[in-house]
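J.: What follows is a single structure, and I will ask about it in a moment.
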Amino acid sequence: MDAKDKKLPRYGGATGLAQTFINSKITPLLIIATLLLGMFALMLTPREEEPQIVVPMIDVMVMMPGANPEEVENLVTRPMEQKIWEIEDVEYVYSSSFPSFSMATARFLVGTDMEEAITRMNNKMFGNADLWPPTITPPLIKVRSIDDVPMLTLTLWSDQYEGYDLRQLAGELKNELTSITDVSVTEIIGGRKRSVSVELDPQRMAAFNITTLSILPALEMQNKSLPSGSFAAGNNQFVVETGTFLRSANDVANLVVGSFGERPVRLMDIATITDGPAEVDSYTFLGEGPSGSETGITEEFPVGTEAPAVTISIAKRVGSDATRVADAVLGKVERLKGTLIPDDVNVTVTRNYGASAKDKASNLISNLGLAIFLAVVVVFLAMGWRGATIIFLSIPTTFSMTLFIYYIMGYTLNRVTLFALILVTGIVIDATIIVVENMHRHFQMKGNNSLKTALEAILEVGNPTILATLTVIASMMPMAFVRGLMGPYMAPMPIGAS
């Protein structure tokens with residue numbers, strides 16, 4: 001700045017803003033701080049394929065033993081529907097009536113808080129218990145969530161093990177995986193569950209004068225652990241429990257189910273007890289897909305099978321990073337190979353939304369970087385290194401602040417939020433080029449690079465450029481007010497563009 005520049009008048013608007021920051025020592029610090037905030041947000045913001053859409057859906061299930069569908073409809077389903085419609089923010093109610101069973105599903109408005117929806121449903125159902133027939137069971141309320149959808153599935157298969165053995169191994173592996181932070185729902189699909197079966201012998205039952213009705217209560221009573229009291233000793237309170245749960249076929253066989261001739265009758269005296277695989281209720285097989293790649297196939301009945309398998313499906317907690325959760329699960333599986341997982345059991349990843357989310361986010365970020373690079377090259381060829389430097393700094397700085405705002409507002413890095421950044425890349429570059437190009441033109445016309453010349457250039461185009469930018473923002477803001485299922489898809493675009 002020369003002596004003449006020190007006597008410059010104070011400008012207003014865009015020119016005054018430029019005059020304040022153009023020689024300020026805080027300007028490079030603000031740029032560095034903003035870039036660091038962007039890097040911080042980029043590392044911590046969860047990555048997903050799609051935006052998280054909160055659509056609370058709650059199932060209410062009620063049993064009415066012995067009633068036909070028409071009775072269930074009139075006595076349970078319709079009154080239950082009417083009460084559900086009274087709940088705030090309920091958008092749709094679906095119901096079905098079956099023999100001895102009724103189910104209603106309430107769908108709340110998009111964005112309704114899940115905890116509030118559950119509380120309202122519980123209060124409504126149990127607060128109107130006097131309206132239901134006395135023969136029904138208490139309502140069972142179950143929540144559905146988009147986060148219950150598996151984001152990772154692992155298929156265990158082997159030529160050396162049957163489905164029953166694979167299921168037992170999968171159960172142990174599932175227990176290990178549930179201890180990982182941010183792992184939510186885990187389920188095992190396929191294989192044969194363990195079952196202790198009791199095959200009663202009618203002739204032996206008649207010989208010991210034992211009936212089936214007397215066996216069931218005995219099984220229920222002896223498969224319990226109940227507190228029986230407590231006592232204090234040495235400043236400690238001890239709780240006494242009696243009974244235990246059945247753990248093996250031998251425990252079941254030794255249950256006392258009655259008495260005959262002054263001696264106890266055990267279950268093994270009147271029945272054959274076997275501990276082994278249960279009946280098959282689902283199948284999982286691993287085969288070759290059309291392209292020759294391994295694909296996990298889960299079918300109700302086996303078709304075109306190659307090797308028996310068991311699949312573990314894993315869902316993540318709400319708001320967690322799908323990529324980090326998937327990496328943590330796969331890392332633990334690798335560490336368990338050779339110990340919990342035998343060497344002759346293969347583990348195939350048949351679904352990994354974490355990896356696909358990471359790939360898509362990385363692809364969009366690389367495309368964004370390519371767009372910035374090409375813009376810098378074009379400006380460098382047209383206006384030299386000064387203009388290219390301004391473009392190189394302005395775009396990452398603006399996007400860093402946008403990523404930080406995304407992080408603060410709870411957005412995730414997905415195809416929609418990153419697309420919003422790519423969409424407005426042209427707007428950011430255009431606004432910057434207008435100002436830089438006009439300054440470049442004034443420098444050439446006046447033959448100097450003084451501050452006064454720069455401010456005169458900004459005075460010509462600064463305010464109109466800001467007005468044009470605000471006009472673009474105003475044209476995109478209506479998308480922030482879109483409601484329904486499209487709302488969460490639209491909202492990141494006007495917010496990111498602003």
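Each chain in the structure tokens gets a letter, A, B, ..., in the order shown, and its residues are numbered from 1; ligands are numbered from 1 in order too.
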For stretch 425-430 of chain A, please output as an MDAnalysis selection string all residues within 10 Å (counting only C-alpha atoms; exclusion window: fewer than 4 positions along the same chain).
T.: chainID A and resid 368 371:372 375:376 379 391:392 394:395 398:399 419:421 434:436 465 468:469 472 497
J.: For A:Asp269, which residue out of A:Ala207, A:Met64, A:Ala326, A:Leu219 is the nearest one, using only C-alpha atoms?
T.: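 Using only C-alpha atoms, A:Asp269 sits closest to A:Ala207.
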J.: What's around A:Met63 at 6 Å? Count only C-alpha atoms, leave out sequence neighbours fewer than 3 positions away in its own chain, and write the answer as a ChimeraX atom specification.
T.: /A:100-101,136-137
J.: Show me, as an MDAnalysis selection string, the residues that have an atom within 8 Å of A:Asn68 when counting only C-alpha atoms, minus same-chain residues fewer than 4 positions from it.
T.: chainID A and resid 72 98:100
J.: Give the answer as one residue: which of A:Asn74, A:Thr417, A:Thr412, A:Thr397 has the shortest atom-to-atom distance to A:Ile31, using only C-alpha atoms?
T.: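 Closest residue, counting only C-alpha atoms: A:Thr397.
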J.: Quick one: distance from atom CA of A:Val310 to atom CA of A:Lys332 in Å, one decimal?
T.: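 Distance reported for this atom pair: 18.2 Å.
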J.: Given only C-alpha atoms as the basis, pick out the residue of A:Ala480, A:Gln82, A:Gly66, A:Ala309 nearest to A:Glu162.
T.: A:Ala309
J.: Would you compute the distance between atom CA of A:Ser400 and atom CA of A:Ala431? Give it in Å to one decimal.
T.: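 Computing it gives 17.3 Å between the two atoms.
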J.: Write out as a PyMOL selection string which residues come within 6 Å of stretch 183-189 of chain A when counting only C-alpha atoms, dropping same-chain ones fewer than 2 positions away.
T.: chain A and resi 178+180-181+310-317
J.: Mind writing the picked residues with N, CA and C atoms as a PDB file, in the first residue's frame?
T.:
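Output (part.pdb):
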ATOM      1  N   THR A 178     -21.501 -58.224  18.372  1.00  0.00           N
ATOM      2  CA  THR A 178     -22.418 -57.295  19.032  1.00  0.00           C
ATOM      3  C   THR A 178     -21.705 -56.398  20.048  1.00  0.00           C
ATOM      4  N   ILE A 180     -19.104 -54.683  19.378  1.00  0.00           N
ATOM      5  CA  ILE A 180     -18.469 -53.582  18.643  1.00  0.00           C
ATOM      6  C   ILE A 180     -19.328 -52.334  18.775  1.00  0.00           C
ATOM      7  N   THR A 181     -18.686 -51.209  18.987  1.00  0.00           N
ATOM      8  CA  THR A 181     -19.397 -49.937  19.102  1.00  0.00           C
ATOM      9  C   THR A 181     -20.175 -49.638  17.824  1.00  0.00           C
ATOM     10  N   VAL A 310     -24.462 -70.063   6.254  1.00  0.00           N
ATOM     11  CA  VAL A 310     -25.222 -69.309   7.252  1.00  0.00           C
ATOM     12  C   VAL A 310     -24.811 -67.851   7.125  1.00  0.00           C
ATOM     13  N   THR A 311     -25.790 -66.958   7.135  1.00  0.00           N
ATOM     14  CA  THR A 311     -25.524 -65.526   6.965  1.00  0.00           C
ATOM     15  C   THR A 311     -25.793 -64.779   8.258  1.00  0.00           C
ATOM     16  N   ILE A 312     -24.866 -63.892   8.624  1.00  0.00           N
ATOM     17  CA  ILE A 312     -25.048 -62.982   9.756  1.00  0.00           C
ATOM     18  C   ILE A 312     -25.297 -61.590   9.183  1.00  0.00           C
ATOM     19  N   SER A 313     -26.483 -61.031   9.450  1.00  0.00           N
ATOM     20  CA  SER A 313     -26.805 -59.679   8.997  1.00  0.00           C
ATOM     21  C   SER A 313     -26.568 -58.704  10.131  1.00  0.00           C
ATOM     22  N   ILE A 314     -25.968 -57.559   9.806  1.00  0.00           N
ATOM     23  CA  ILE A 314     -25.547 -56.580  10.812  1.00  0.00           C
ATOM     24  C   ILE A 314     -26.099 -55.213  10.424  1.00  0.00           C
ATOM     25  N   ALA A 315     -26.801 -54.584  11.361  1.00  0.00           N
ATOM     26  CA  ALA A 315     -27.292 -53.217  11.183  1.00  0.00           C
ATOM     27  C   ALA A 315     -26.529 -52.289  12.119  1.00  0.00           C
ATOM     28  N   LYS A 316     -26.500 -51.011  11.769  1.00  0.00           N
ATOM     29  CA  LYS A 316     -25.763 -50.034  12.578  1.00  0.00           C
ATOM     30  C   LYS A 316     -26.722 -49.172  13.379  1.00  0.00           C
ATOM     31  N   ARG A 317     -26.167 -48.469  14.346  1.00  0.00           N
ATOM     32  CA  ARG A 317     -26.959 -47.546  15.136  1.00  0.00           C
ATOM     33  C   ARG A 317     -27.265 -46.279  14.339  1.00  0.00           C
TER      34      ARG A 317
END
J.: Set the distance at 12 Å and use only C-alpha atoms: which residues neighbour A:Ser362 once local chain neighbours fewer than 2 positions away are removed? I'd like the list as a list in words.
T.: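 In the requested form, the answer reads Leu42, Arg47, Glu48, Glu49, Thr323, Ala355, Ser356, Ala357, Lys358, Asp359, Lys360, Leu364, Ile365, Ser366, Asn367, Leu368, Gly369, Leu413, Asn414, Arg415 and Leu418 of chain A.
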J.: Residues of the last selection are to be written out with all heavy atoms, as a compact mmCIF listing (two decimals), in the first residue's frame.
T.:
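What ended up in result32.txt:
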# COMPACT_ATOMS: atom_id res chain seq x y z
N LEU A 42 -14.75 -33.33 7.35
CA LEU A 42 -14.65 -34.40 6.37
C LEU A 42 -14.26 -35.72 7.02
O LEU A 42 -14.70 -36.79 6.60
CB LEU A 42 -13.62 -34.02 5.30
CG LEU A 42 -13.57 -34.88 4.03
CD1 LEU A 42 -14.88 -34.82 3.29
CD2 LEU A 42 -12.43 -34.41 3.13
N ARG A 47 -20.43 -41.35 6.70
CA ARG A 47 -20.63 -41.53 5.26
C ARG A 47 -21.67 -42.62 5.03
O ARG A 47 -21.60 -43.70 5.62
CB ARG A 47 -19.32 -41.90 4.58
CG ARG A 47 -18.24 -40.85 4.76
CD ARG A 47 -17.00 -41.14 3.94
NE ARG A 47 -15.98 -40.11 4.12
CZ ARG A 47 -14.90 -39.98 3.38
NH1 ARG A 47 -14.69 -40.83 2.39
NH2 ARG A 47 -14.03 -39.02 3.60
N GLU A 48 -22.61 -42.33 4.16
CA GLU A 48 -23.66 -43.27 3.82
C GLU A 48 -23.98 -43.15 2.35
O GLU A 48 -23.59 -42.18 1.69
CB GLU A 48 -24.92 -42.99 4.66
CG GLU A 48 -24.73 -43.20 6.15
CD GLU A 48 -25.95 -42.83 6.94
OE1 GLU A 48 -26.57 -41.81 6.60
OE2 GLU A 48 -26.28 -43.54 7.89
N GLU A 49 -24.70 -44.15 1.85
CA GLU A 49 -25.11 -44.10 0.44
C GLU A 49 -26.21 -43.08 0.22
O GLU A 49 -26.20 -42.32 -0.73
CB GLU A 49 -25.57 -45.48 -0.03
CG GLU A 49 -24.43 -46.43 -0.32
CD GLU A 49 -24.90 -47.59 -1.17
OE1 GLU A 49 -25.01 -47.42 -2.39
OE2 GLU A 49 -25.14 -48.67 -0.61
N THR A 323 -19.30 -46.78 7.01
CA THR A 323 -17.97 -47.21 6.60
C THR A 323 -17.15 -47.65 7.81
O THR A 323 -16.51 -48.71 7.78
CB THR A 323 -17.25 -46.09 5.85
OG1 THR A 323 -18.02 -45.71 4.70
CG2 THR A 323 -15.87 -46.52 5.41
N ALA A 355 -18.68 -50.10 2.34
CA ALA A 355 -17.69 -49.98 1.27
C ALA A 355 -18.26 -49.20 0.08
O ALA A 355 -17.58 -48.34 -0.49
CB ALA A 355 -17.23 -51.36 0.82
N SER A 356 -19.52 -49.49 -0.28
CA SER A 356 -20.11 -48.78 -1.42
C SER A 356 -20.31 -47.30 -1.09
O SER A 356 -20.13 -46.44 -1.95
CB SER A 356 -21.44 -49.43 -1.81
OG SER A 356 -22.33 -49.46 -0.71
N ALA A 357 -20.69 -46.99 0.18
CA ALA A 357 -20.83 -45.59 0.56
C ALA A 357 -19.48 -44.87 0.49
O ALA A 357 -19.40 -43.72 0.04
CB ALA A 357 -21.41 -45.50 1.97
N LYS A 358 -18.44 -45.54 0.94
CA LYS A 358 -17.10 -44.95 0.90
C LYS A 358 -16.65 -44.71 -0.54
O LYS A 358 -16.10 -43.66 -0.87
CB LYS A 358 -16.11 -45.87 1.61
CG LYS A 358 -14.68 -45.35 1.63
CD LYS A 358 -13.76 -46.31 2.36
CE LYS A 358 -12.33 -45.81 2.39
NZ LYS A 358 -11.44 -46.76 3.11
N ASP A 359 -16.90 -45.69 -1.42
CA ASP A 359 -16.49 -45.55 -2.81
C ASP A 359 -17.21 -44.40 -3.50
O ASP A 359 -16.60 -43.60 -4.22
CB ASP A 359 -16.76 -46.86 -3.56
CG ASP A 359 -15.85 -47.98 -3.10
OD1 ASP A 359 -14.81 -47.68 -2.48
OD2 ASP A 359 -16.19 -49.16 -3.33
N LYS A 360 -18.53 -44.30 -3.24
CA LYS A 360 -19.30 -43.24 -3.89
C LYS A 360 -18.92 -41.86 -3.36
O LYS A 360 -18.82 -40.90 -4.13
CB LYS A 360 -20.80 -43.50 -3.70
CG LYS A 360 -21.29 -44.72 -4.48
CD LYS A 360 -22.73 -45.05 -4.19
CE LYS A 360 -23.14 -46.30 -4.96
NZ LYS A 360 -24.53 -46.71 -4.68
N LEU A 364 -17.21 -38.90 -5.63
CA LEU A 364 -17.75 -37.55 -5.75
C LEU A 364 -16.73 -36.51 -5.29
O LEU A 364 -16.61 -35.44 -5.90
CB LEU A 364 -19.04 -37.43 -4.94
CG LEU A 364 -20.26 -38.16 -5.52
CD1 LEU A 364 -21.40 -38.16 -4.53
CD2 LEU A 364 -20.70 -37.51 -6.84
N ILE A 365 -15.99 -36.80 -4.23
CA ILE A 365 -14.98 -35.86 -3.74
C ILE A 365 -13.86 -35.70 -4.78
O ILE A 365 -13.36 -34.59 -5.01
CB ILE A 365 -14.42 -36.33 -2.39
CG1 ILE A 365 -15.49 -36.22 -1.30
CG2 ILE A 365 -13.19 -35.51 -2.00
CD1 ILE A 365 -15.07 -36.80 0.03
N SER A 366 -13.46 -36.80 -5.42
CA SER A 366 -12.42 -36.70 -6.45
C SER A 366 -12.92 -35.91 -7.65
O SER A 366 -12.15 -35.13 -8.25
CB SER A 366 -11.98 -38.11 -6.88
OG SER A 366 -13.06 -38.82 -7.47
N ASN A 367 -14.20 -36.07 -8.00
CA ASN A 367 -14.75 -35.28 -9.10
C ASN A 367 -14.80 -33.80 -8.74
O ASN A 367 -14.55 -32.93 -9.59
CB ASN A 367 -16.17 -35.76 -9.43
CG ASN A 367 -16.16 -37.11 -10.11
OD1 ASN A 367 -15.18 -37.52 -10.72
ND2 ASN A 367 -17.26 -37.84 -9.99
N LEU A 368 -15.09 -33.52 -7.47
CA LEU A 368 -15.09 -32.14 -7.00
C LEU A 368 -13.68 -31.55 -7.10
O LEU A 368 -13.49 -30.41 -7.53
CB LEU A 368 -15.61 -32.09 -5.57
CG LEU A 368 -15.82 -30.71 -4.93
CD1 LEU A 368 -16.84 -29.91 -5.72
CD2 LEU A 368 -16.27 -30.87 -3.49
N GLY A 369 -12.69 -32.33 -6.68
CA GLY A 369 -11.31 -31.87 -6.79
C GLY A 369 -10.89 -31.65 -8.23
O GLY A 369 -10.17 -30.68 -8.54
N LEU A 413 -22.30 -37.50 4.86
CA LEU A 413 -21.74 -37.39 3.51
C LEU A 413 -22.36 -38.49 2.65
O LEU A 413 -22.07 -39.67 2.84
CB LEU A 413 -20.22 -37.53 3.54
CG LEU A 413 -19.43 -36.34 4.05
CD1 LEU A 413 -17.94 -36.63 3.96
CD2 LEU A 413 -19.76 -35.08 3.28
N ASN A 414 -23.21 -38.12 1.75
CA ASN A 414 -23.87 -39.07 0.86
C ASN A 414 -23.98 -38.45 -0.52
O ASN A 414 -23.52 -37.32 -0.75
CB ASN A 414 -25.24 -39.46 1.41
CG ASN A 414 -26.11 -38.26 1.71
OD1 ASN A 414 -26.56 -37.56 0.81
ND2 ASN A 414 -26.33 -37.99 3.01
N ARG A 415 -24.58 -39.17 -1.41
CA ARG A 415 -24.61 -38.71 -2.80
C ARG A 415 -25.39 -37.40 -2.95
O ARG A 415 -25.10 -36.62 -3.86
CB ARG A 415 -25.23 -39.80 -3.68
CG ARG A 415 -26.68 -40.12 -3.37
CD ARG A 415 -27.22 -41.13 -4.35
NE ARG A 415 -26.63 -42.43 -4.13
CZ ARG A 415 -26.81 -43.46 -4.96
NH1 ARG A 415 -27.54 -43.32 -6.04
NH2 ARG A 415 -26.26 -44.62 -4.69
N LEU A 418 -23.13 -34.34 -1.31
CA LEU A 418 -21.97 -34.07 -2.16
C LEU A 418 -22.39 -33.56 -3.53
O LEU A 418 -21.70 -32.73 -4.15
CB LEU A 418 -21.12 -35.33 -2.30
CG LEU A 418 -20.38 -35.75 -1.02
CD1 LEU A 418 -19.71 -37.10 -1.20
CD2 LEU A 418 -19.36 -34.70 -0.62
J.: Go through A:Ser248, A:Ser259, A:Asn235, A:Asn363 one by one, measure the shortest atom-to-atom distance of each to A:Ile215 using only C-alpha atoms, and give the residue with the smallest value.
T.: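 Closest to A:Ile215 of all the choices is A:Ser259.
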J.: Near A:Glu81, within 12 Å and counting only C-alpha atoms, which residues show up once chain neighbours fewer than 3 positions away are dropped, as a list in words?
T.: Asp59, Val60, Met61, Glu73, Asn74, Leu75, Val76, Thr77, Arg78, Ile84, Trp85, Glu86, Ile87, Val90, Tyr92, Val93, Tyr94, Ser95, Ser96, Ser97, Ser102, Met103, Ala104, Thr105, Ala106, Met121, Lys124 and Met125 of chain A
J.: Given only C-alpha atoms as the basis, pick out the residue of A:Leu485, A:Leu330, A:Gly258, A:Gly171 nearest to A:Thr212.
T.: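 Closest to A:Thr212, using only C-alpha atoms: A:Gly258.
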J.: Per DSSP on the backbone, what are the strand (DSSP E or B) residues of stretch 21-131 of chain A, as a short mmCIF file (atom, residue, chain, number, x, y, z; two decimals) with C-alpha atoms, in the first residue's frame?
T.:
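So the final result, stored in selection.cif, reads:
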data_model
loop_
_atom_site.label_atom_id
_atom_site.label_comp_id
_atom_site.auth_asym_id
_atom_site.auth_seq_id
_atom_site.Cartn_x
_atom_site.Cartn_y
_atom_site.Cartn_z
CA ARG A 47 -20.63 -41.53 5.26
CA MET A 57 -43.25 -46.86 11.85
CA ILE A 58 -44.68 -48.74 14.82
CA ASP A 59 -46.42 -52.11 14.78
CA VAL A 60 -49.02 -52.89 17.43
CA MET A 61 -49.79 -56.61 17.75
CA VAL A 62 -52.62 -58.04 19.87
CA MET A 63 -53.63 -61.67 20.42
CA VAL A 90 -49.75 -40.08 12.63
CA GLU A 91 -49.97 -39.93 8.82
CA TYR A 92 -51.18 -43.41 7.85
CA VAL A 93 -52.58 -46.45 9.64
CA TYR A 94 -52.53 -49.93 8.13
CA SER A 95 -54.25 -52.88 9.80
CA SER A 96 -54.81 -56.61 9.29
CA SER A 97 -57.03 -59.10 11.09
CA PHE A 98 -56.25 -62.82 11.32
CA PHE A 101 -54.47 -62.09 15.94
CA SER A 102 -54.63 -58.38 15.05
CA MET A 103 -51.89 -56.08 13.83
CA ALA A 104 -51.94 -52.34 13.12
CA THR A 105 -49.05 -50.31 11.72
CA ALA A 106 -48.84 -46.56 12.32
CA ARG A 107 -46.66 -44.43 10.05
CA PHE A 108 -45.74 -41.04 11.44
#
J.: Between atom CA of A:Leu35 and atom CA of A:Lys452, what distance in Å does the model show, to one decimal?
T.: 29.3 Å
